[in-house]
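S.K.: For reference, the file final_7.csv (CSV, C-alpha atoms and all ligand atoms) is included below:
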chain,number,residue,atom,x,y,z
A,1,MET,CA,15.0,-54.3,53.0
A,2,GLU,CA,14.9,-52.3,49.8
A,3,ILE,CA,13.5,-48.9,50.8
A,4,LEU,CA,12.2,-46.0,48.6
A,5,VAL,CA,12.8,-42.7,50.3
A,6,THR,CA,10.7,-40.0,48.6
A,7,GLY,CA,12.2,-36.5,49.2
A,8,GLY,CA,15.5,-38.2,49.9
A,9,ALA,CA,17.5,-35.2,48.7
A,10,GLY,CA,15.9,-33.0,51.3
A,11,PHE,CA,17.1,-31.9,54.7
A,12,ILE,CA,15.5,-34.8,56.7
A,13,GLY,CA,15.3,-37.3,53.8
A,14,SER,CA,19.0,-37.2,53.2
A,15,ALA,CA,19.6,-37.9,56.9
A,16,VAL,CA,17.2,-40.8,56.7
A,17,VAL,CA,19.0,-42.1,53.6
A,18,ARG,CA,22.3,-42.0,55.5
A,19,ALA,CA,20.8,-43.9,58.5
A,20,LEU,CA,19.2,-46.6,56.3
A,21,VAL,CA,22.4,-47.2,54.4
A,22,ALA,CA,24.4,-47.4,57.6
A,23,ALA,CA,21.9,-50.0,58.9
A,24,GLY,CA,22.6,-52.1,55.8
A,25,HIS,CA,19.4,-51.4,53.8
A,26,GLY,CA,19.2,-50.9,50.0
A,27,VAL,CA,18.0,-47.4,49.4
A,28,ARG,CA,16.7,-45.5,46.4
A,29,VAL,CA,15.5,-41.9,46.3
A,30,LEU,CA,12.8,-40.2,44.3
A,31,ASP,CA,12.9,-36.5,44.5
A,32,ALA,CA,11.7,-33.7,42.3
A,33,LEU,CA,14.4,-31.3,43.4
A,34,LEU,CA,12.0,-28.4,44.0
A,35,PRO,CA,13.8,-25.2,42.9
A,36,VAL,CA,13.0,-23.4,46.2
A,37,VAL,CA,14.8,-26.2,48.1
A,38,HIS,CA,17.5,-27.0,45.6
A,39,PRO,CA,18.4,-23.9,43.6
A,40,SER,CA,21.4,-25.6,42.2
A,41,GLY,CA,19.3,-28.3,40.6
A,42,GLU,CA,21.6,-30.9,42.1
A,43,PRO,CA,20.6,-33.6,44.7
A,44,GLY,CA,23.7,-33.1,46.9
A,45,GLU,CA,25.8,-35.9,48.0
A,46,LEU,CA,24.2,-39.3,48.5
A,47,PRO,CA,25.9,-42.3,50.0
A,48,GLU,CA,27.5,-44.8,47.6
A,49,GLY,CA,25.1,-47.4,46.3
A,50,VAL,CA,22.0,-45.1,46.6
A,51,ALA,CA,20.0,-44.9,43.3
A,52,PHE,CA,18.7,-41.4,42.6
A,53,GLN,CA,15.7,-40.8,40.4
A,54,ARG,CA,14.7,-37.2,39.7
A,55,GLY,CA,10.9,-37.4,39.6
A,56,ASP,CA,7.7,-36.0,41.0
A,57,VAL,CA,5.5,-38.0,43.4
A,58,ARG,CA,2.5,-36.6,41.4
A,59,ASP,CA,3.8,-38.4,38.3
A,60,ALA,CA,2.4,-42.0,38.4
A,61,GLY,CA,4.8,-43.3,35.8
A,62,ALA,CA,7.8,-42.0,37.7
A,63,VAL,CA,6.5,-43.4,41.0
A,64,GLU,CA,5.8,-46.9,39.5
A,65,GLN,CA,9.3,-47.0,38.1
A,66,ALA,CA,10.8,-46.0,41.5
A,67,LEU,CA,8.7,-48.7,43.3
A,68,LYS,CA,10.1,-51.6,41.3
A,69,GLY,CA,11.7,-54.1,43.7
A,70,VAL,CA,10.9,-52.0,46.7
A,71,ASP,CA,9.7,-53.5,50.0
A,72,VAL,CA,8.6,-50.4,51.9
A,73,VAL,CA,8.3,-46.7,51.3
A,74,CYS,CA,9.6,-43.9,53.6
A,75,HIS,CA,7.6,-40.8,52.4
A,76,GLN,CA,9.4,-37.6,53.2
A,77,ALA,CA,8.7,-35.6,50.0
A,78,ALA,CA,6.5,-32.6,50.7
A,79,MET,CA,6.4,-28.9,50.2
A,80,VAL,CA,7.2,-27.4,53.7
A,81,GLY,CA,6.6,-24.0,55.3
A,82,LEU,CA,3.7,-22.3,56.8
A,83,GLY,CA,1.6,-22.0,53.7
A,84,LEU,CA,1.4,-18.2,54.4
A,85,ASP,CA,0.9,-17.1,50.8
A,86,LEU,CA,-2.5,-18.4,49.6
A,87,ASN,CA,-1.2,-18.4,46.1
A,88,ASP,CA,1.0,-21.4,47.2
A,89,ALA,CA,-2.0,-23.4,48.3
A,90,PRO,CA,-2.5,-25.3,45.1
A,91,GLU,CA,1.2,-26.3,45.1
A,92,TYR,CA,1.0,-27.4,48.7
A,93,VAL,CA,-2.0,-29.5,48.1
A,94,GLY,CA,-0.5,-30.9,44.8
A,95,CYS,CA,2.8,-31.9,46.3
A,96,ASN,CA,1.5,-33.1,49.6
A,97,ASP,CA,-1.9,-34.6,49.0
A,98,LEU,CA,-2.3,-35.3,45.3
A,99,GLY,CA,1.3,-36.5,45.5
A,100,THR,CA,0.6,-38.8,48.4
A,101,SER,CA,-2.5,-40.2,46.7
A,102,VAL,CA,-0.6,-40.9,43.5
A,103,LEU,CA,2.1,-42.7,45.6
A,104,LEU,CA,-0.5,-44.8,47.5
A,105,ALA,CA,-2.3,-45.8,44.4
A,106,ALA,CA,0.9,-46.9,42.8
A,107,MET,CA,1.9,-48.8,46.0
A,108,HIS,CA,-1.4,-50.6,45.8
A,109,ARG,CA,-0.9,-51.5,42.1
A,110,THR,CA,2.6,-52.8,42.8
A,111,GLY,CA,1.8,-54.6,46.1
A,112,VAL,CA,4.0,-52.5,48.4
A,113,ARG,CA,2.3,-52.7,51.8
A,114,GLY,CA,4.4,-50.8,54.2
A,115,LEU,CA,4.7,-47.0,54.6
A,116,VAL,CA,6.4,-44.7,57.0
A,117,LEU,CA,5.0,-41.2,56.6
A,118,ALA,CA,6.7,-38.0,57.6
A,119,GLY,CA,4.0,-36.2,59.6
A,120,SER,CA,4.1,-33.1,61.6
A,121,MET,CA,3.2,-31.6,65.0
A,122,VAL,CA,1.4,-28.9,63.0
A,123,VAL,CA,-1.6,-31.2,62.7
A,124,TYR,CA,-2.5,-30.4,66.4
A,125,GLY,CA,-2.9,-26.6,66.1
A,126,GLU,CA,-2.5,-25.0,69.5
A,127,GLY,CA,-2.0,-28.3,71.2
A,128,CYS,CA,-2.9,-28.8,74.8
A,129,TYR,CA,-3.7,-26.3,77.6
A,130,ARG,CA,-5.2,-26.3,81.0
A,131,CYS,CA,-7.5,-23.8,82.6
A,132,ALA,CA,-7.6,-23.7,86.4
A,133,GLU,CA,-11.4,-23.6,86.2
A,134,HIS,CA,-12.2,-25.7,83.1
A,135,GLY,CA,-9.5,-28.2,83.0
A,136,ASP,CA,-8.1,-29.3,79.6
A,137,VAL,CA,-9.2,-26.9,76.8
A,138,ALA,CA,-8.3,-26.3,73.1
A,139,PRO,CA,-8.0,-22.6,72.3
A,140,GLY,CA,-9.2,-21.4,68.9
A,141,PRO,CA,-7.0,-19.5,66.5
A,142,ARG,CA,-5.5,-16.3,67.9
A,143,ARG,CA,-7.2,-13.0,66.8
A,144,ALA,CA,-5.1,-10.6,64.8
A,145,ALA,CA,-6.3,-7.8,67.1
A,146,ASP,CA,-4.9,-9.6,70.2
A,147,LEU,CA,-1.6,-10.3,68.4
A,148,ASP,CA,-1.4,-6.6,67.3
A,149,ALA,CA,-1.9,-5.6,70.9
A,150,GLY,CA,1.0,-7.9,72.0
A,151,GLN,CA,-1.4,-10.4,73.6
A,152,PHE,CA,0.3,-13.6,72.4
A,153,GLU,CA,-1.0,-16.1,74.9
A,154,PRO,CA,-4.3,-17.7,73.8
A,155,PRO,CA,-7.0,-17.3,76.5
A,156,CYS,CA,-9.3,-20.0,77.8
A,157,PRO,CA,-12.0,-20.4,75.1
A,158,ARG,CA,-14.7,-20.6,77.9
A,159,CYS,CA,-13.8,-18.0,80.5
A,160,GLY,CA,-10.9,-16.0,79.0
A,161,ALA,CA,-8.5,-16.8,81.8
A,162,ALA,CA,-4.8,-17.4,81.4
A,163,LEU,CA,-3.9,-21.0,80.5
A,164,GLN,CA,-1.1,-23.4,81.4
A,165,PRO,CA,0.4,-25.0,78.3
A,166,GLY,CA,0.9,-28.8,78.4
A,167,LEU,CA,2.2,-31.7,76.3
A,168,VAL,CA,0.2,-32.9,73.4
A,169,ASP,CA,-0.2,-36.7,72.9
A,170,GLU,CA,-1.2,-38.6,69.8
A,171,GLN,CA,-4.8,-38.8,70.8
A,172,ALA,CA,-5.3,-35.0,70.5
A,173,PRO,CA,-7.7,-34.2,67.7
A,174,GLY,CA,-6.4,-32.7,64.4
A,175,ASP,CA,-6.8,-28.9,64.3
A,176,PRO,CA,-4.7,-27.5,61.4
A,177,ARG,CA,-4.2,-23.7,61.4
A,178,ASN,CA,-2.6,-23.1,58.0
A,179,VAL,CA,-2.6,-24.5,54.5
A,180,TYR,CA,0.6,-26.6,55.1
A,181,ALA,CA,-0.9,-28.1,58.3
A,182,ALA,CA,-4.1,-29.0,56.5
A,183,THR,CA,-2.1,-30.8,53.8
A,184,LYS,CA,-0.1,-32.7,56.4
A,185,LEU,CA,-3.3,-33.8,58.2
A,186,ALA,CA,-4.8,-34.9,54.9
A,187,GLN,CA,-1.7,-37.0,54.2
A,188,GLU,CA,-2.4,-39.0,57.3
A,189,HIS,CA,-6.0,-39.6,56.5
A,190,LEU,CA,-5.1,-40.7,53.0
A,191,ALA,CA,-2.5,-43.1,54.2
A,192,ALA,CA,-4.9,-44.6,56.8
A,193,ALA,CA,-7.6,-45.0,54.1
A,194,TRP,CA,-5.0,-46.8,51.9
A,195,ALA,CA,-3.9,-49.0,54.8
A,196,ARG,CA,-7.5,-50.2,55.4
A,197,ALA,CA,-8.3,-50.7,51.8
A,198,ALA,CA,-5.0,-52.4,50.8
A,199,GLY,CA,-4.5,-54.4,54.0
A,200,ALA,CA,-1.3,-52.5,54.5
A,201,ALA,CA,0.3,-50.7,57.4
A,202,VAL,CA,1.4,-47.1,57.9
A,203,VAL,CA,3.4,-45.6,60.7
A,204,THR,CA,3.2,-41.8,60.8
A,205,LEU,CA,6.0,-39.9,62.6
A,206,ARG,CA,4.8,-36.4,63.7
A,207,TYR,CA,8.1,-34.5,63.8
A,208,HIS,CA,8.5,-31.6,66.1
A,209,ASN,CA,10.9,-28.7,65.1
A,210,VAL,CA,13.7,-30.5,63.3
A,211,TYR,CA,17.1,-28.8,63.1
A,212,GLY,CA,20.7,-29.8,62.3
A,213,PRO,CA,23.3,-29.8,59.6
A,214,GLY,CA,22.0,-29.6,56.1
A,215,MET,CA,19.0,-27.5,57.0
A,216,PRO,CA,18.0,-25.3,54.1
A,217,ARG,CA,19.1,-21.7,54.3
A,218,ASP,CA,16.9,-18.7,54.7
A,219,THR,CA,13.7,-18.9,52.5
A,220,PRO,CA,10.1,-18.0,53.2
A,221,TYR,CA,9.6,-21.8,53.7
A,222,ALA,CA,12.4,-22.4,56.2
A,223,GLY,CA,12.1,-23.3,59.8
A,224,VAL,CA,12.9,-20.8,62.6
A,225,ALA,CA,16.2,-22.4,63.5
A,226,SER,CA,17.4,-21.9,59.9
A,227,LEU,CA,16.2,-18.3,59.9
A,228,PHE,CA,18.2,-17.6,63.0
A,229,ARG,CA,21.3,-19.5,61.8
A,230,SER,CA,21.2,-17.6,58.5
A,231,ALA,CA,21.0,-14.2,60.2
A,232,LEU,CA,24.0,-15.1,62.4
A,233,ALA,CA,25.9,-16.2,59.3
A,234,ARG,CA,25.3,-12.7,57.9
A,235,GLY,CA,26.6,-11.2,61.1
A,236,GLU,CA,23.1,-10.1,62.1
A,237,ALA,CA,21.1,-10.7,65.3
A,238,PRO,CA,18.4,-13.4,65.2
A,239,ARG,CA,15.0,-11.6,65.0
A,240,VAL,CA,12.6,-13.3,67.4
A,241,PHE,CA,8.9,-12.8,66.8
A,242,GLU,CA,6.2,-12.3,69.4
A,243,ASP,CA,7.9,-12.0,72.8
A,244,GLY,CA,10.2,-15.1,72.3
A,245,GLY,CA,8.1,-17.1,74.8
A,246,GLN,CA,6.7,-19.6,72.2
A,247,ARG,CA,7.4,-23.1,73.5
A,248,ARG,CA,8.7,-25.7,71.1
A,249,ASP,CA,10.6,-29.0,71.2
A,250,PHE,CA,13.7,-28.9,69.0
A,251,VAL,CA,14.7,-32.3,67.8
A,252,HIS,CA,18.0,-33.1,66.0
A,253,VAL,CA,17.8,-34.4,62.5
A,254,ASP,CA,19.9,-37.5,63.3
A,255,ASP,CA,17.4,-38.5,66.0
A,256,VAL,CA,14.6,-38.1,63.5
A,257,ALA,CA,16.4,-40.3,61.1
A,258,ALA,CA,16.8,-42.9,63.8
A,259,ALA,CA,13.0,-42.7,64.5
A,260,ASN,CA,12.4,-43.5,60.8
A,261,LEU,CA,14.7,-46.5,61.0
A,262,ALA,CA,12.8,-47.8,64.0
A,263,ALA,CA,9.5,-47.2,62.3
A,264,LEU,CA,10.5,-49.0,59.2
A,265,HIS,CA,11.6,-52.0,61.2
A,266,ALA,CA,8.3,-52.0,63.1
A,267,LEU,CA,6.2,-52.1,59.9
A,268,GLY,CA,6.7,-55.9,59.6
A,269,THR,CA,5.0,-56.5,63.0
A,270,ARG,CA,1.9,-54.3,62.2
A,271,PRO,CA,-1.4,-56.0,61.4
A,272,PRO,CA,-2.9,-55.4,58.0
A,273,GLY,CA,-5.0,-52.3,57.9
A,274,SER,CA,-3.2,-50.5,60.8
A,275,ALA,CA,-2.3,-46.9,61.1
A,276,ARG,CA,-0.4,-45.6,64.1
A,277,ALA,CA,1.1,-42.2,64.8
A,278,TYR,CA,4.0,-41.2,67.0
A,279,ASN,CA,5.2,-37.8,68.1
A,280,VAL,CA,8.9,-37.3,67.5
A,281,GLY,CA,10.3,-34.8,69.9
A,282,SER,CA,13.4,-34.6,72.2
A,283,GLY,CA,11.1,-34.4,75.3
A,284,THR,CA,12.7,-31.2,76.4
A,285,VAL,CA,10.8,-27.9,76.1
A,286,HIS,CA,12.5,-24.7,75.1
A,287,THR,CA,11.2,-21.3,74.0
A,288,VAL,CA,12.0,-19.8,70.6
A,289,GLY,CA,13.8,-17.0,72.5
A,290,GLU,CA,16.0,-19.5,74.3
A,291,MET,CA,16.9,-21.3,71.1
A,292,ALA,CA,17.9,-18.0,69.5
A,293,ALA,CA,20.0,-17.1,72.5
A,294,GLU,CA,21.7,-20.5,72.6
A,295,LEU,CA,22.5,-20.4,68.9
A,296,ALA,CA,23.8,-16.8,69.0
A,297,ALA,CA,26.0,-17.6,72.0
A,298,ALA,CA,27.4,-20.8,70.4
A,299,HIS,CA,28.0,-18.9,67.1
A,300,GLY,CA,29.7,-16.0,68.9
A,301,GLY,CA,27.2,-13.6,67.2
A,302,PRO,CA,25.0,-10.7,68.4
A,303,PRO,CA,22.3,-11.6,70.9
A,304,PRO,CA,18.7,-12.0,69.6
A,305,VAL,CA,16.4,-9.1,69.1
A,306,VAL,CA,12.7,-9.6,70.2
A,307,THR,CA,10.6,-7.8,67.6
A,308,GLY,CA,7.0,-8.4,68.6
A,309,GLU,CA,6.1,-9.2,65.0
A,310,TYR,CA,3.9,-12.3,64.4
A,311,ARG,CA,2.8,-14.6,61.6
A,312,LEU,CA,-0.9,-15.4,61.5
A,313,GLY,CA,-1.1,-19.2,61.4
A,314,ASP,CA,1.7,-19.7,63.9
A,315,VAL,CA,0.7,-21.3,67.1
A,316,ARG,CA,1.8,-20.0,70.5
A,317,HIS,CA,2.9,-23.1,72.2
A,318,ILE,CA,3.2,-26.7,70.9
A,319,THR,CA,5.1,-29.3,72.7
A,320,ALA,CA,4.9,-33.1,72.2
A,321,ASP,CA,4.7,-36.0,74.5
A,322,SER,CA,6.9,-38.4,72.7
A,323,SER,CA,6.7,-41.3,75.3
A,324,ARG,CA,4.7,-43.5,72.9
A,325,LEU,CA,7.7,-43.6,70.5
A,326,ARG,CA,10.0,-44.4,73.4
A,327,THR,CA,8.0,-47.2,74.8
A,328,GLU,CA,6.7,-48.9,71.6
A,329,LEU,CA,9.6,-48.4,69.3
A,330,ASP,CA,12.4,-48.2,71.9
A,331,TRP,CA,13.7,-44.9,70.5
A,332,ARG,CA,15.8,-42.5,72.5
A,333,PRO,CA,16.9,-39.0,71.4
A,334,ARG,CA,20.7,-38.9,71.5
A,335,VAL,CA,21.6,-35.3,70.8
A,336,SER,CA,21.0,-32.8,73.6
A,337,PHE,CA,19.7,-29.3,73.0
A,338,ARG,CA,23.1,-27.8,74.0
A,339,GLU,CA,25.3,-30.1,72.0
A,340,GLY,CA,23.0,-30.0,69.0
A,341,MET,CA,22.7,-26.2,68.9
A,342,ALA,CA,26.5,-25.8,69.4
A,343,GLU,CA,27.1,-28.1,66.4
A,344,PHE,CA,24.3,-26.4,64.4
A,345,ALA,CA,25.8,-22.9,65.1
A,346,GLY,CA,28.9,-23.9,63.2
A,347,ALA,CA,27.5,-26.3,60.6
A,348,PRO,CA,26.9,-25.3,57.0
A,349,LEU,CA,23.4,-24.7,55.8
A,350,ARG,CA,22.3,-26.2,52.5
A,351,VAL,CA,22.5,-23.9,49.4
A,401,LIG,N1,11.8,-29.7,59.0
A,401,LIG,C1,10.9,-29.8,60.0
A,401,LIG,O1,11.1,-29.2,61.0
A,401,LIG,C2,9.7,-30.7,59.8
A,401,LIG,C3,8.8,-30.8,60.8
A,401,LIG,C4,7.7,-31.6,60.7
A,401,LIG,C5,7.5,-32.3,59.5
A,401,LIG,N2,8.4,-32.2,58.5
A,401,LIG,C6,8.2,-33.1,57.3
A,401,LIG,O2,9.4,-33.8,57.0
A,401,LIG,C7,9.4,-34.0,55.6
A,401,LIG,C8,10.8,-33.5,55.1
A,401,LIG,O3,10.9,-32.1,55.3
A,401,LIG,P1,12.3,-31.4,55.2
A,401,LIG,O4,12.4,-30.4,56.3
A,401,LIG,O5,13.4,-32.3,55.0
A,401,LIG,O6,12.0,-30.5,53.8
A,401,LIG,P2,12.9,-30.3,52.5
A,401,LIG,O7,12.2,-29.3,51.7
A,401,LIG,O8,14.3,-30.1,52.9
A,401,LIG,O9,12.8,-31.7,51.8
A,401,LIG,C9,11.7,-32.1,51.1
A,401,LIG,C10,12.1,-32.8,49.8
A,401,LIG,O10,11.0,-33.2,49.1
A,401,LIG,C11,11.1,-32.9,47.7
A,401,LIG,N3,9.8,-32.8,47.1
A,401,LIG,C12,8.9,-31.8,47.4
A,401,LIG,N4,7.8,-32.0,46.7
A,401,LIG,C13,8.0,-33.1,45.9
A,401,LIG,C14,7.3,-33.7,44.9
A,401,LIG,N5,6.1,-33.3,44.5
A,401,LIG,N6,7.8,-34.8,44.3
A,401,LIG,C15,9.0,-35.3,44.6
A,401,LIG,N7,9.8,-34.7,45.6
A,401,LIG,C16,9.3,-33.6,46.2
A,401,LIG,C17,11.9,-31.6,47.7
A,401,LIG,O11,12.6,-31.5,46.5
A,401,LIG,C18,12.9,-31.8,48.9
A,401,LIG,O12,14.1,-32.4,48.5
A,401,LIG,C19,8.3,-33.3,55.0
A,401,LIG,O13,7.2,-34.3,54.8
A,401,LIG,C20,7.8,-32.3,56.0
A,401,LIG,O14,6.4,-32.0,56.0
A,401,LIG,C21,9.5,-31.4,58.6
A,402,ZN,ZN,-11.5,-21.4,81.6
Rewrite the structure from the file as structure tokens, please.
M.R.:
Amino acid sequence: MEILVTGGAGFIGSAVVRALVAAGHGVRVLDALLPVVHPSGEPGELPEGVAFQRGDVRDAGAVEQALKGVDVVCHQAAMVGLGLDLNDAPEYVGCNDLGTSVLLAAMHRTGVRGLVLAGSMVVYGEGCYRCAEHGDVAPGPRRAADLDAGQFEPPCPRCGAALQPGLVDEQAPGDPRNVYAATKLAQEHLAAAWARAAGAAVVTLRYHNVYGPGMPRDTPYAGVASLFRSALARGEAPRVFEDGGQRRDFVHVDDVAAANLAALHALGTRPPGSARAYNVGSGTVHTVGEMAAELAAAHGGPPPVVTGEYRLGDVRHITADSSRLRTELDWRPRVSFREGMAEFAGAPLRV
């Protein structure tokens, strides 16, 4: 297949590019090289034979040019982060939603009918919890006053009792809690609308917390594993927010790349008009505090410090049930938490 990878110069996109090339596909990359992600203005090393085009997914001309001769698109380009600064909201919506709609319209004009979309677990909000009295419940956003008081666990929205966190599956309703999350959910809706209207197929991969070599260094937009890794590189202790008990699923970037390959192969078997989502997680739950401790130990650095700080818009626990991806696309994560963190502790971050 000839595959266009948007955002192919990014952390995950470049791993996807390597996996596609290794599997024998023709690959081209369209990436705007956003300055916050690529301060050097260079795309980094791409495998031989990969055509690189610097261009923005919001630019219809650039997108049409990139789509020439392409069979399917793997859409990784997005502005990432929490969307904490509201001044960034227009740029998030521009890159992620306007950009996706420009891409979809161009795919429609050029007759490209297969899309793999990089989605995110953030679309689920707090995810899935159980109350002893009320069964499955969906807690609302946490209140700043509770967080200030160190009450980090969201209570049952009906009776206020303590809750048991569970695994969220793909049927869970969307419940975005920050600007970034809202744009990731909108991307999915746009792609589904395109698939129906164009008789096309989209597979969305809702990634959990992705980590691994090539992760961007410390920026306000970086993931937590990168923040900890950057602190350790400076000889400092990782600073863990809340009480460190936030549950997550850390999935290695090579496993995410393999999921993209599986999804691209599956596109050909999908009926016209179809949209299907898959959670992409390792299947192993860890807390943010455990991750910090594992990374610090593997790096030989100072142990983490729990600060009690918080970011409004963060969710307390979110962990995926990734069994759909295993059963339908025959995907298995290959990198364990311990191995992956040991490697990541020594691997260079991207500058
Ligand atoms: N890293 C994670 O843990 C994680 C988790 C869930 C979902 N995702 C999703 O995975 C995808 C890749 O994320 P990443 O972590 O590799 O981020 P990244 O910032 O390393 O890569 C994104 C790439 O997209 C490019 N880009 C951004 N806006 C663009 C635009 N308007 N036009 C063209 N290129 C543009 C950037 O220059 C960058 O190279 C994103 O869609 C993100 O939402 C990432
Ligand atoms: Zn209850």
S.K.: Neighbours of ligand ZN 402 (chain A) at 12 Å or closer, counting all atoms listed in the file: which residues, as a PDB file with C-alpha atoms, in the frame of the given file?
M.R.:
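Contents of the output file part.pdb:
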ATOM      1  CA  TYR A 129      -3.700 -26.300  77.600  1.00  0.00           C
ATOM      2  CA  ARG A 130      -5.200 -26.300  81.000  1.00  0.00           C
ATOM      3  CA  CYS A 131      -7.500 -23.800  82.600  1.00  0.00           C
ATOM      4  CA  ALA A 132      -7.600 -23.700  86.400  1.00  0.00           C
ATOM      5  CA  GLU A 133     -11.400 -23.600  86.200  1.00  0.00           C
ATOM      6  CA  HIS A 134     -12.200 -25.700  83.100  1.00  0.00           C
ATOM      7  CA  GLY A 135      -9.500 -28.200  83.000  1.00  0.00           C
ATOM      8  CA  ASP A 136      -8.100 -29.300  79.600  1.00  0.00           C
ATOM      9  CA  VAL A 137      -9.200 -26.900  76.800  1.00  0.00           C
ATOM     10  CA  ALA A 138      -8.300 -26.300  73.100  1.00  0.00           C
ATOM     11  CA  PRO A 139      -8.000 -22.600  72.300  1.00  0.00           C
ATOM     12  CA  PRO A 154      -4.300 -17.700  73.800  1.00  0.00           C
ATOM     13  CA  PRO A 155      -7.000 -17.300  76.500  1.00  0.00           C
ATOM     14  CA  CYS A 156      -9.300 -20.000  77.800  1.00  0.00           C
ATOM     15  CA  PRO A 157     -12.000 -20.400  75.100  1.00  0.00           C
ATOM     16  CA  ARG A 158     -14.700 -20.600  77.900  1.00  0.00           C
ATOM     17  CA  CYS A 159     -13.800 -18.000  80.500  1.00  0.00           C
ATOM     18  CA  GLY A 160     -10.900 -16.000  79.000  1.00  0.00           C
ATOM     19  CA  ALA A 161      -8.500 -16.800  81.800  1.00  0.00           C
ATOM     20  CA  ALA A 162      -4.800 -17.400  81.400  1.00  0.00           C
ATOM     21  CA  LEU A 163      -3.900 -21.000  80.500  1.00  0.00           C
ATOM     22  CA  GLN A 164      -1.100 -23.400  81.400  1.00  0.00           C
TER      23      GLN A 164
END
S.K.: Hey, which residues come within 6 Å of ligand LIG 401 (chain A) if we count only C-alpha atoms and all ligand atoms? Could you give them as a list in words?
M.R.: Gly7, Ala9, Gly10, Phe11, Ile12, Gly13, Asp31, Ala32, Leu33, Leu34, Val37, Gly55, Asp56, Val57, Arg58, Gln76, Ala77, Ala78, Met79, Val80, Cys95, Gly99, Ala118, Gly119, Ser120, Tyr207, His208, Asn209 and Val210 of chain A
S.K.: Within 12 Å of (1.2, -26.0, 56.2) (coordinates as in the file), grab all the protein and nucleic acid residues, counting only C-alpha atoms, and write them out as number ranges by chain.
M.R.: A: 78-86, 88-93, 95-97, 119-125, 175-187, 221-223, 313-315
S.K.: Of the residues A:His265, A:His108, A:Ser14, A:Ser226, which is the one nearest to Glu2 in chain A, using only C-alpha atoms?
M.R.: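 Going through A:His265, A:His108, A:Ser14, A:Ser226 one by one, the smallest distance to Glu2 in chain A is for A:His265.
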S.K.: Enter the distance from CA of Arg229 in chain A to CA of Leu30 in chain A, in Å, rounded to one decimal.
M.R.: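 One can read the CA of Arg229 in chain A to CA of Leu30 in chain A distance as 28.4 Å.
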S.K.: For a quick check of understanding, using all atoms listed in the file, which of A:Ala263, A:Ala106, A:Gly301, A:Ser40 has the smallest distance to Gly235 in chain A?
M.R.: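 For Gly235 in chain A, the nearest of the candidates is A:Gly301.
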S.K.: Go through A:Cys128, A:Leu267, A:Leu147, A:Val285 one by one, measure the shortest atom-to-atom distance of each to Val112 in chain A using only C-alpha atoms, and give the residue with the smallest value.
M.R.: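 Looking only at the distances to Val112 in chain A, the closest residue turns out to be A:Leu267.
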S.K.: Using Å and a single decimal, report how far CA of Gly44 in chain A sits from CA of Val17 in chain A.
M.R.: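 Rounded to one decimal, the two atoms are 12.2 Å apart.
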S.K.: To one decimal place, how far is CA of Thr287 in chain A from CA of Gly245 in chain A in Å?
M.R.: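 Value for the CA of Thr287 in chain A-CA of Gly245 in chain A distance: 5.3 Å.
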S.K.: Measuring between all atoms listed in the file, which one of A:Ala296, A:Ala231, A:Val168, A:Ala62 shows the shortest distance to Gly127 in chain A?
M.R.: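 Closest to Gly127 in chain A of all the choices is A:Val168.
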